[in-house]
$ cat protein-v2.txt   # compact mmCIF, C-alpha atoms and all ligand atoms
# COMPACT_ATOMS: atom_id res chain seq x y z
CA MET A 640 10.92 22.88 0.49
CA ARG A 641 13.04 21.20 -2.16
CA LEU A 642 12.79 17.46 -1.50
CA MET A 643 14.65 14.66 -3.25
CA VAL A 644 13.25 11.19 -2.64
CA SER A 645 14.69 7.84 -3.63
CA GLY A 646 13.37 4.34 -3.18
CA GLY A 647 12.70 1.45 -5.46
CA GLY A 648 12.81 -2.02 -6.84
CA THR A 649 9.46 -3.01 -5.40
CA GLY A 650 6.13 -1.38 -4.49
CA GLY A 651 6.80 -1.66 -0.75
CA HIS A 652 9.58 0.92 -1.08
CA ILE A 653 7.94 3.12 -3.74
CA TYR A 654 4.46 3.77 -2.32
CA PRO A 655 5.68 5.17 1.04
CA ALA A 656 7.82 7.65 -0.94
CA LEU A 657 4.83 8.65 -3.09
CA ALA A 658 2.63 9.06 -0.01
CA LEU A 659 5.25 11.35 1.52
CA ILE A 660 5.34 13.47 -1.65
CA LYS A 661 1.54 13.67 -1.63
CA ALA A 662 1.51 14.88 1.99
CA LEU A 663 4.24 17.45 1.28
CA LYS A 664 2.31 18.84 -1.70
CA LYS A 665 -0.74 19.16 0.53
CA ARG A 666 1.18 20.93 3.28
CA GLU A 667 3.36 23.06 0.99
CA PRO A 668 1.88 23.25 -2.52
CA ASP A 669 4.87 25.30 -3.77
CA SER A 670 7.45 22.72 -2.82
CA ALA A 671 9.65 21.13 -5.52
CA VAL A 672 10.16 17.37 -5.65
CA MET A 673 12.56 15.09 -7.51
CA TYR A 674 12.26 11.28 -7.40
CA VAL A 675 15.38 9.27 -8.22
CA GLY A 676 14.78 5.61 -9.03
CA SER A 677 16.43 2.71 -10.81
CA GLU A 678 16.07 2.27 -14.55
CA ARG A 679 14.49 -1.16 -14.30
CA GLY A 680 12.53 -1.07 -11.04
CA LEU A 681 8.73 -0.76 -10.83
CA GLU A 682 9.26 2.93 -9.98
CA SER A 683 10.34 3.76 -13.54
CA SER A 684 6.74 3.17 -14.67
CA ILE A 685 4.75 4.05 -11.51
CA VAL A 686 6.37 7.42 -10.65
CA PRO A 687 6.33 9.23 -14.04
CA ALA A 688 2.71 8.05 -14.50
CA LYS A 689 1.83 10.12 -11.40
CA GLY A 690 3.32 13.22 -13.04
CA ILE A 691 6.21 13.39 -10.54
CA PRO A 692 9.62 14.54 -11.90
CA PHE A 693 11.72 11.38 -12.20
CA GLN A 694 15.40 10.71 -12.88
CA SER A 695 16.94 7.28 -13.02
CA THR A 696 20.21 5.46 -12.69
CA ARG A 697 21.31 1.88 -13.38
CA ILE A 698 21.92 -0.24 -10.30
CA GLN A 699 21.67 -3.88 -9.15
CA GLY A 700 21.83 -5.89 -5.91
CA PHE A 701 24.55 -8.14 -4.53
CA LYS A 702 24.39 -11.87 -5.21
CA ARG A 703 24.63 -13.91 -2.02
CA SER A 704 27.27 -16.25 -3.47
CA LEU A 705 30.73 -15.13 -4.55
CA SER A 706 30.23 -14.08 -8.12
CA LEU A 707 31.73 -11.90 -10.85
CA GLU A 708 28.38 -10.12 -10.96
CA ASN A 709 29.29 -8.57 -7.61
CA PHE A 710 32.13 -6.62 -9.25
CA LYS A 711 29.58 -5.23 -11.67
CA THR A 712 27.33 -4.37 -8.69
CA VAL A 713 30.11 -2.37 -7.04
CA TYR A 714 30.93 -0.67 -10.34
CA LEU A 715 27.27 0.27 -10.92
CA PHE A 716 26.93 1.49 -7.32
CA LEU A 717 29.95 3.82 -7.63
CA LYS A 718 28.71 5.03 -11.00
CA SER A 719 25.26 5.71 -9.49
CA VAL A 720 26.78 7.63 -6.56
CA HIS A 721 28.60 9.78 -9.12
CA ALA A 722 25.39 10.30 -11.14
CA ALA A 723 23.40 11.05 -7.97
CA LYS A 724 25.91 13.71 -6.89
CA LYS A 725 25.37 15.41 -10.23
CA MET A 726 21.59 15.27 -9.80
CA ILE A 727 21.88 16.67 -6.25
CA ARG A 728 24.12 19.55 -7.35
CA GLN A 729 21.61 20.36 -10.08
CA PHE A 730 18.38 20.04 -8.05
CA LYS A 731 19.81 21.49 -4.79
CA PRO A 732 17.49 19.64 -2.36
CA ASP A 733 17.03 20.89 1.21
CA VAL A 734 16.68 17.28 2.36
CA VAL A 735 17.13 13.84 0.73
CA VAL A 736 14.91 10.96 1.86
CA GLY A 737 15.51 7.25 1.14
CA THR A 738 12.77 4.66 1.46
CA GLY A 739 14.81 1.52 0.74
CA GLY A 740 15.96 -0.51 -2.25
CA TYR A 741 19.47 -0.41 -3.79
CA VAL A 742 18.95 2.85 -5.63
CA SER A 743 18.29 4.74 -2.39
CA GLY A 744 21.66 3.43 -1.15
CA ALA A 745 23.51 5.34 -3.86
CA VAL A 746 21.38 8.51 -3.72
CA VAL A 747 21.30 8.95 0.06
CA TYR A 748 25.00 8.08 0.36
CA ALA A 749 25.80 10.71 -2.28
CA ALA A 750 23.71 13.28 -0.38
CA ALA A 751 25.48 12.54 2.90
CA ARG A 752 28.88 12.98 1.20
CA LEU A 753 27.70 16.36 -0.07
CA HIS A 754 26.51 17.34 3.45
CA VAL A 755 22.85 17.56 2.45
CA PRO A 756 20.58 16.57 5.42
CA THR A 757 19.38 12.98 5.04
CA LEU A 758 16.59 10.79 6.36
CA ILE A 759 15.85 7.12 5.69
CA HIS A 760 12.56 5.34 6.29
CA GLU A 761 12.64 1.72 7.47
CA GLN A 762 9.30 0.00 6.84
CA ASN A 763 10.20 -3.42 8.24
CA SER A 764 10.81 -5.09 11.57
CA VAL A 765 14.09 -6.44 10.22
CA VAL A 766 16.28 -3.72 8.73
CA GLY A 767 17.05 -4.10 5.03
CA ILE A 768 20.61 -4.28 3.68
CA THR A 769 20.51 -0.78 2.13
CA ASN A 770 19.27 0.95 5.27
CA ARG A 771 21.76 -0.99 7.40
CA PHE A 772 24.53 0.43 5.21
CA LEU A 773 23.10 3.95 5.15
CA SER A 774 22.40 4.11 8.88
CA ARG A 775 26.03 5.13 9.53
CA TYR A 776 25.85 8.16 7.23
CA VAL A 777 22.34 9.60 7.61
CA ASP A 778 21.07 12.21 10.07
CA ARG A 779 17.75 10.59 11.02
CA ILE A 780 16.01 7.22 10.67
CA ALA A 781 12.21 7.05 10.67
CA TYR A 782 10.84 3.64 11.64
CA VAL A 783 7.63 1.67 12.08
CA PHE A 784 8.24 -1.45 14.18
CA ASP A 785 9.95 -1.22 17.61
CA ALA A 786 11.79 -4.40 16.66
CA ALA A 787 13.96 -2.26 14.33
CA LEU A 788 15.22 -0.18 17.27
CA ASP A 789 18.04 -2.39 18.45
CA GLN A 790 19.34 -2.87 14.90
CA LEU A 791 20.09 0.81 14.24
CA PRO A 792 21.82 3.76 15.99
CA ALA A 793 19.42 4.75 18.80
CA THR A 794 20.16 8.50 18.74
CA LYS A 795 18.96 8.85 15.14
CA MET A 796 15.67 6.98 15.51
CA VAL A 797 12.20 8.60 15.27
CA LYS A 798 9.02 6.50 15.33
CA THR A 799 6.72 7.66 12.54
CA GLY A 800 4.80 4.74 11.03
CA ASN A 801 4.57 4.25 7.25
CA PRO A 802 3.44 7.31 5.21
CA ARG A 803 1.26 5.10 3.04
CA ALA A 804 -0.93 4.51 6.10
CA GLN A 805 -1.95 8.18 6.05
CA GLU A 806 -2.75 8.06 2.35
CA ALA A 807 -4.91 4.97 2.94
CA ALA A 808 -6.64 6.49 5.97
CA GLU A 809 -7.35 9.90 4.41
CA ILE A 810 -8.75 8.83 1.08
CA VAL A 811 -12.40 9.47 0.36
CA SER A 812 -13.11 6.51 -1.86
CA HIS A 813 -15.64 6.70 -4.67
CA PHE A 814 -14.70 3.27 -5.94
CA SER A 815 -17.55 0.91 -6.84
CA TRP A 816 -17.23 -2.83 -7.43
CA THR A 817 -19.48 -2.38 -10.44
CA GLU A 818 -16.30 -1.16 -12.22
CA TYR A 819 -15.17 -4.79 -11.96
CA GLY A 820 -18.60 -6.20 -12.88
CA LEU A 821 -19.22 -7.06 -9.20
CA LYS A 822 -21.84 -5.98 -6.66
CA ASP A 823 -21.43 -3.33 -3.96
CA ASP A 824 -23.70 -5.09 -1.43
CA VAL A 825 -21.82 -8.42 -1.36
CA PRO A 826 -18.70 -8.83 0.85
CA THR A 827 -15.50 -8.95 -1.18
CA LEU A 828 -12.33 -10.91 -0.50
CA LEU A 829 -9.19 -9.43 -2.09
CA ILE A 830 -6.33 -11.85 -2.79
CA PHE A 831 -2.92 -10.46 -3.78
CA GLY A 832 0.72 -11.46 -3.26
CA GLY A 833 2.44 -8.11 -2.65
CA SER A 834 3.33 -5.71 -5.45
CA GLN A 835 4.63 -8.41 -7.78
CA GLY A 836 2.26 -11.29 -7.10
CA ALA A 837 3.32 -14.58 -5.48
CA LEU A 838 3.55 -17.93 -7.26
CA LYS A 839 2.32 -20.05 -4.35
CA ILE A 840 -0.60 -17.77 -3.51
CA ASN A 841 -1.55 -17.78 -7.17
CA ALA A 842 -1.38 -21.60 -7.33
CA ALA A 843 -3.54 -22.01 -4.21
CA THR A 844 -6.08 -19.50 -5.51
CA VAL A 845 -6.24 -21.18 -8.92
CA ALA A 846 -6.93 -24.48 -7.12
CA ALA A 847 -9.68 -22.84 -5.02
CA ILE A 848 -11.49 -21.11 -7.90
CA PRO A 849 -13.98 -23.93 -8.65
CA GLU A 850 -15.11 -23.65 -5.00
CA PHE A 851 -15.03 -19.83 -4.90
CA ASN A 852 -17.47 -20.06 -7.83
CA GLN A 853 -20.05 -21.49 -5.41
CA ARG A 854 -19.64 -18.96 -2.61
CA LYS A 855 -21.98 -16.15 -1.57
CA TYR A 856 -19.05 -13.71 -1.28
CA GLN A 857 -17.06 -12.11 -4.11
CA VAL A 858 -13.38 -12.72 -4.85
CA VAL A 859 -10.95 -10.33 -6.53
CA PHE A 860 -7.76 -12.20 -7.38
CA VAL A 861 -4.74 -10.04 -8.32
CA THR A 862 -2.00 -12.14 -9.93
CA GLY A 863 0.85 -9.63 -10.31
CA GLN A 864 1.54 -7.99 -13.68
CA LYS A 865 4.08 -10.54 -14.89
CA ARG A 866 2.20 -13.61 -13.68
CA TYR A 867 -1.20 -12.83 -15.22
CA ASP A 868 -0.76 -14.66 -18.54
CA GLY A 869 0.51 -17.78 -16.77
CA VAL A 870 -2.49 -17.83 -14.41
CA MET A 871 -4.95 -17.32 -17.27
CA ALA A 872 -3.31 -20.17 -19.20
CA GLU A 873 -3.73 -22.46 -16.18
CA LEU A 874 -7.39 -21.49 -15.96
CA LYS A 875 -7.99 -22.15 -19.67
CA ASP A 876 -10.35 -25.07 -18.99
CA VAL A 877 -11.86 -23.78 -15.74
CA THR A 878 -15.11 -21.86 -15.57
CA VAL A 879 -14.71 -18.64 -13.60
CA ALA A 880 -18.08 -17.60 -12.16
CA ASP A 881 -19.47 -14.06 -12.06
CA ASN A 882 -18.48 -13.60 -8.39
CA VAL A 883 -14.76 -14.05 -9.19
CA VAL A 884 -12.66 -11.43 -11.01
CA ILE A 885 -8.99 -11.83 -11.98
CA LYS A 886 -6.73 -8.78 -12.48
CA PRO A 887 -3.01 -8.39 -13.18
CA TYR A 888 -2.58 -5.34 -10.91
CA ILE A 889 -4.63 -2.71 -9.09
CA SER A 890 -3.18 0.75 -9.60
CA ASN A 891 -5.63 2.59 -7.31
CA MET A 892 -5.24 0.43 -4.21
CA PRO A 893 -6.03 3.19 -1.63
CA GLU A 894 -9.42 3.70 -3.32
CA VAL A 895 -10.16 -0.02 -3.53
CA LEU A 896 -9.10 -1.07 0.00
CA PRO A 897 -11.89 0.69 1.97
CA LYS A 898 -14.42 -1.39 -0.01
CA VAL A 899 -12.76 -4.72 0.81
CA ALA A 900 -14.22 -7.02 3.53
CA ALA A 901 -11.07 -9.10 4.04
CA ILE A 902 -7.65 -9.68 2.51
CA VAL A 903 -5.53 -12.71 1.70
CA GLY A 904 -1.95 -11.63 1.07
CA ARG A 905 1.74 -11.52 1.81
CA ALA A 906 2.96 -9.61 4.86
CA GLY A 907 5.00 -6.87 3.20
CA ALA A 908 5.32 -3.89 5.52
CA THR A 909 3.63 -1.35 3.28
CA SER A 910 0.62 -3.58 2.65
CA LEU A 911 0.28 -4.06 6.41
CA ALA A 912 0.45 -0.30 7.00
CA GLU A 913 -2.49 0.14 4.62
CA ILE A 914 -4.45 -2.81 6.02
CA THR A 915 -4.15 -1.51 9.58
CA ALA A 916 -4.83 2.12 8.65
CA ASP A 917 -8.11 1.00 7.07
CA GLY A 918 -8.82 -1.66 9.73
CA ILE A 919 -9.18 -4.63 7.38
CA PRO A 920 -9.14 -8.25 8.63
CA SER A 921 -6.54 -10.40 6.90
CA ILE A 922 -5.20 -13.87 6.28
CA LEU A 923 -1.45 -13.48 5.87
CA ILE A 924 0.93 -15.84 4.09
CA PRO A 925 4.38 -14.37 4.86
CA SER A 926 6.99 -14.75 2.12
CA PRO A 927 9.71 -17.10 3.39
CA TYR A 928 12.09 -15.73 0.71
CA VAL A 929 12.91 -12.40 2.40
CA THR A 930 15.80 -11.28 4.65
CA ALA A 931 15.70 -12.92 8.09
CA ASN A 932 12.11 -14.06 7.55
CA HIS A 933 10.96 -10.49 8.31
CA GLN A 934 7.49 -10.94 6.80
CA MET A 935 6.72 -13.57 9.46
CA LYS A 936 7.64 -11.01 12.14
CA ASN A 937 5.53 -8.36 10.40
CA ALA A 938 2.58 -10.79 10.27
CA GLN A 939 2.94 -11.83 13.90
CA SER A 940 2.58 -8.24 15.03
CA LEU A 941 -0.97 -8.35 13.61
CA ALA A 942 -1.78 -11.95 14.53
CA THR A 943 -0.86 -11.58 18.23
CA VAL A 944 -3.54 -8.90 18.70
CA GLY A 945 -6.18 -10.77 16.72
CA ALA A 946 -6.02 -8.56 13.63
CA ALA A 947 -4.89 -11.34 11.28
CA GLU A 948 -4.58 -15.07 10.84
CA ILE A 949 -1.41 -16.63 9.46
CA ILE A 950 -1.04 -19.54 7.03
CA THR A 951 2.59 -20.52 6.51
CA GLU A 952 3.54 -20.97 2.88
CA GLU A 953 4.38 -24.59 3.73
CA ASN A 954 0.78 -25.20 4.76
CA LEU A 955 -0.77 -23.23 1.93
CA SER A 956 -2.98 -25.10 -0.53
CA GLY A 957 -6.31 -24.52 -2.25
CA THR A 958 -7.96 -26.37 0.65
CA THR A 959 -6.32 -24.45 3.53
CA LEU A 960 -6.88 -21.14 1.76
CA LEU A 961 -10.54 -21.92 1.20
CA ARG A 962 -11.10 -23.12 4.76
CA LYS A 963 -9.73 -19.90 6.30
CA ALA A 964 -11.40 -17.69 3.70
CA ASP A 965 -14.78 -19.35 4.37
CA GLN A 966 -14.38 -19.01 8.14
CA LEU A 967 -13.75 -15.30 7.81
CA MET A 968 -16.20 -14.44 5.05
CA LYS A 969 -19.11 -16.31 6.65
CA ASP A 970 -18.66 -14.74 10.10
CA ASP A 971 -19.49 -11.02 10.21
CA ALA A 972 -18.81 -10.78 13.97
CA LEU A 973 -15.35 -12.31 13.60
CA ARG A 974 -14.54 -9.88 10.76
CA GLN A 975 -15.70 -6.95 12.88
CA ASP A 976 -13.52 -8.00 15.84
CA MET A 977 -10.49 -8.48 13.61
CA ALA A 978 -11.17 -5.17 11.88
CA ALA A 979 -11.21 -3.33 15.22
CA ALA A 980 -7.93 -5.00 16.29
CA SER A 981 -6.39 -4.14 12.93
CA LYS A 982 -7.39 -0.47 13.15
CA GLN A 983 -5.80 -0.19 16.62
CA LEU A 984 -2.41 -0.77 14.97
CA GLY A 985 -2.86 1.83 12.24
CA VAL A 986 -0.87 5.08 12.22
CA PRO A 987 -3.11 7.45 10.24
CA ASP A 988 -0.82 10.50 10.59
CA ALA A 989 2.43 8.74 9.62
CA ALA A 990 3.19 10.93 6.59
CA ASP A 991 2.88 14.12 8.68
CA ARG A 992 5.17 12.63 11.28
CA VAL A 993 7.82 11.92 8.62
CA LEU A 994 7.33 15.41 7.17
CA ASP A 995 7.89 16.95 10.61
CA VAL A 996 11.28 15.22 10.71
CA VAL A 997 12.05 16.43 7.18
CA GLU A 998 11.17 20.02 8.16
CA SER A 999 13.36 19.84 11.26
CA LEU A 1000 16.25 18.57 9.13
CA LYS A 1001 15.82 21.48 6.74
CA GLN A 1002 16.31 23.86 9.68
CA THR A 1003 19.70 22.28 10.38
CA LYS A 1004 21.03 23.20 6.94
C1 LIG B 1101 9.54 -9.99 -1.71
C2 LIG B 1101 9.97 -8.75 -1.02
O1 LIG B 1101 11.13 -8.39 -0.99
N1 LIG B 1101 9.01 -8.09 -0.41
C3 LIG B 1101 9.26 -6.87 0.33
C4 LIG B 1101 8.68 -5.72 -0.44
O2 LIG B 1101 7.35 -6.16 -0.70
P1 LIG B 1101 6.27 -5.54 -1.65
O3 LIG B 1101 6.81 -4.64 -2.67
O4 LIG B 1101 5.38 -6.64 -2.10
O5 LIG B 1101 5.66 -4.61 -0.57
P2 LIG B 1101 4.41 -4.48 0.31
O6 LIG B 1101 3.55 -5.67 0.38
O7 LIG B 1101 4.91 -3.91 1.57
O8 LIG B 1101 3.66 -3.32 -0.49
C5 LIG B 1101 3.07 -3.54 -1.72
C6 LIG B 1101 2.51 -2.24 -2.20
O9 LIG B 1101 2.05 -2.43 -3.51
C7 LIG B 1101 0.67 -2.07 -3.57
N2 LIG B 1101 0.00 -2.87 -4.58
C8 LIG B 1101 0.07 -4.22 -4.57
C9 LIG B 1101 -0.61 -4.96 -5.52
C10 LIG B 1101 -1.39 -4.28 -6.48
O10 LIG B 1101 -2.04 -4.87 -7.34
N3 LIG B 1101 -1.42 -2.93 -6.45
C11 LIG B 1101 -0.74 -2.20 -5.52
O11 LIG B 1101 -0.81 -0.97 -5.52
C12 LIG B 1101 0.15 -2.31 -2.16
O12 LIG B 1101 -1.04 -1.61 -1.95
C13 LIG B 1101 1.34 -1.80 -1.34
O13 LIG B 1101 1.34 -0.40 -1.27
O14 LIG B 1101 8.81 -4.50 0.29
C14 LIG B 1101 8.29 -4.51 1.62
C15 LIG B 1101 8.72 -3.19 2.26
O15 LIG B 1101 7.68 -2.33 2.34
C16 LIG B 1101 8.83 -5.67 2.45
O16 LIG B 1101 8.20 -5.73 3.71
C17 LIG B 1101 8.59 -6.96 1.69
O17 LIG B 1101 9.09 -8.06 2.42

$ encode --input "protein-v2.txt" --output "structure tokens"
Amino acid sequence: MRLMVSGGGTGGHIYPALALIKALKKREPDSAVMYVGSERGLESSIVPAKGIPFQSTRIQGFKRSLSLENFKTVYLFLKSVHAAKKMIRQFKPDVVVGTGGYVSGAVVYAAARLHVPTLIHEQNSVVGITNRFLSRYVDRIAYVFDAALDQLPATKMVKTGNPRAQEAAEIVSHFSWTEYGLKDDVPTLLIFGGSQGALKINAATVAAIPEFNQRKYQVVFVTGQKRYDGVMAELKDVTVADNVVIKPYISNMPEVLPKVAAIVGRAGATSLAEITADGIPSILIPSPYVTANHQMKNAQSLATVGAAEIITEENLSGTTLLRKADQLMKDDALRQDMAAASKQLGVPDAADRVLDVVESLKQTK
């Protein structure tokens, strides 16, 4: 198999693509892979660091208001389609897969124009702008939430789940909290605001730290790479006790997650795929800044079955965060019930399901 994959901008689009590549390499070790990302997205550092062949192109998103920048966006899109066609002619993929983000718009569109079989993966319950555009041109659409069904062409849809769920479910973790200076026999609460960190979650956590210092559980607070210095500056005069650790980013999340007792986080689709694959209880604070409030819908799919609790960003403060965190961390039975409900939603063979679709597309060539 020669597979070209494109997805980017943010971790939620990149990690499913990487999980798919991992599953392909396991199934067909001789397969060749090319990842095409944007020059400035997170993928330009994450993907090459994994030793995966990576090519990039310059691209940007549309501004919602009428703006001259939008002419530049169209220009960069057309230029990227041209560049992607060149990459496709060179690499000669059997199939091209897009996992979302502007860059995948250009690459998958280019592939469809060149009559290379195409598949897109939609992680969310509300379809993103890129996948909405691509849905007219691609051969198949892999999806996670049934809510996406009536937003896309029914004949192309295949339910697969999110490939990252399989990576999370299959990992044999040797991670120890001692690597963070913490203990392995104390329950750990992981707080993180998606792949880039979230200002409001960071502010509430900073406010709660003096109280977390007194708790019998441990707290790992991940700020987001770019927000770390700001958080540390705010905590300049605050004592951070031994049971609290602050990190800018966790690069081995699948290893860390199985050792986590509960999560406080955003409700990005890829995070939720991991959380449910591992069966982890969570307190979700959906980002209100995303298309059609889709994180709230993602979060509700967990909350309605008792797998998660929701705090709206409006109601988020150090006090509300602490109250919910205490409730969960002090009640082992509640955590167990939520964990079981969470696991019910997991799709631990999602990557294989996507690969099956990829293989079937190759046959159509
Ligand atoms: C603001 C925004 O547009 N967010 C979207 C973005 O979120 P975002 O990029 O935050 O995506 P998710 O929360 O879905 O996934 C984050 C990914 O980053 C990983 N991670 C995170 C922190 C860390 O320290 N280390 C690490 O590896 C997580 O394990 C996960 O694999 O893409 C998702 C699609 O999947 C959407 O549902 C989200 O609405």

$ atom_distance --input "protein-v2.txt" --atom1 "atom CA of Gln983 of chain A" --atom2 "atom CA of Leu955 of chain A"
27.8 Å

$ atom_distance --input "protein-v2.txt" --atom1 "atom CA of Phe814 of chain A" --atom2 "atom CA of Lys898 of chain A"
7.5 Å

$ residues_around --input "protein-v2.txt" --residues "segment 975-977 of chain A" --least-positions-apart "2" --cutoff "12 Å" --atoms "all atoms listed in the file" --output "ChimeraX atom specification"
/A:900-902,914-915,917-922,941-948,967-973,979-984

$ closest_residue --input "protein-v2.txt" --among "A:Tyr856, A:Trp816, A:Phe784, A:Phe716" --to "ligand LIG 1101 (chain B)" --atoms "all atoms listed in the file"
A:Phe784

$ atom_distance --input "protein-v2.txt" --atom1 "atom CA of Ser926 of chain A" --atom2 "atom CA of Arg905 of chain A"
6.2 Å

$ residues_around --input "protein-v2.txt" --residues "Ile698 of chain A" --least-positions-apart "3" --cutoff "9 Å" --atoms "all atoms listed in the file" --output "list in words"
Ser677, Glu678, Arg679, Thr712, Leu715, Phe716, Lys718, Ser719, Tyr741, Val742 and Ala745 of chain A

$ closest_residue --input "protein-v2.txt" --among "A:Gln857, A:Thr959, A:Asn770, A:Thr757" --to "ligand LIG 1101 (chain B)" --atoms "all atoms listed in the file"
A:Asn770

$ closest_residue --input "protein-v2.txt" --among "A:Lys661, A:Arg866, A:His652, A:Arg771" --to "ligand LIG 1101 (chain B)" --atoms "all atoms listed in the file"
A:His652

$ closest_atom_pairs --input "protein-v2.txt" --of "segment 768-790 of chain A" --to "segment 985-1001 of chain A" --cutoff "10 Å" --atoms "all atoms listed in the file" --output "JSON lines"
{"residue": "A:Asp778", "atom": "CA", "partner": "A:Leu1000", "partner_atom": "CA", "distance": 8.0}
{"residue": "A:Arg779", "atom": "CA", "partner": "A:Val996", "partner_atom": "CA", "distance": 8.0}
{"residue": "A:Ile780", "atom": "CA", "partner": "A:Val996", "partner_atom": "CA", "distance": 9.3}
{"residue": "A:Ala781", "atom": "CA", "partner": "A:Val993", "partner_atom": "CA", "distance": 6.9}
{"residue": "A:Tyr782", "atom": "CA", "partner": "A:Val993", "partner_atom": "CA", "distance": 9.3}
{"residue": "A:Val783", "atom": "CA", "partner": "A:Ala989", "partner_atom": "CA", "distance": 9.1}

$ closest_residue --input "protein-v2.txt" --among "A:Val845, A:Leu828, A:Val766, A:Asp965" --to "Lys875 of chain A" --atoms "all atoms listed in the file"
A:Val845

$ closest_residue --input "protein-v2.txt" --among "A:Glu913, A:Glu953, A:Glu806, A:Glu818" --to "ligand LIG 1101 (chain B)" --atoms "all atoms listed in the file"
A:Glu913

$ closest_residue --input "protein-v2.txt" --among "A:Ala793, A:Leu821, A:Met892, A:Ile768" --to "ligand LIG 1101 (chain B)" --atoms "all atoms listed in the file"
A:Met892

$ residues_around --input "protein-v2.txt" --residues "Ser812 of chain A" --least-positions-apart "3" --cutoff "10 Å" --atoms "all atoms listed in the file" --output "PyMOL selection string"
chain A and resi 807+809+815+893-898

$ residues_near_point --input "protein-v2.txt" --point "(-3.8, -22.2, -14.5)" --cutoff "12 Å" --atoms "all atoms listed in the file" --output "PyMOL selection string"
chain A and resi 838+841-849+862+866-879+885

$ residues_around --input "protein-v2.txt" --residues "Ile660 of chain A" --least-positions-apart "4" --cutoff "8 Å" --atoms "all atoms listed in the file" --output "PyMOL selection string"
chain A and resi 656+664+672

$ residues_around --input "protein-v2.txt" --residues "Lys855 of chain A" --least-positions-apart "3" --cutoff "10 Å" --atoms "only C-alpha atoms" --output "ChimeraX atom specification"
/A:825-827,851-852,858,882,965,968-969
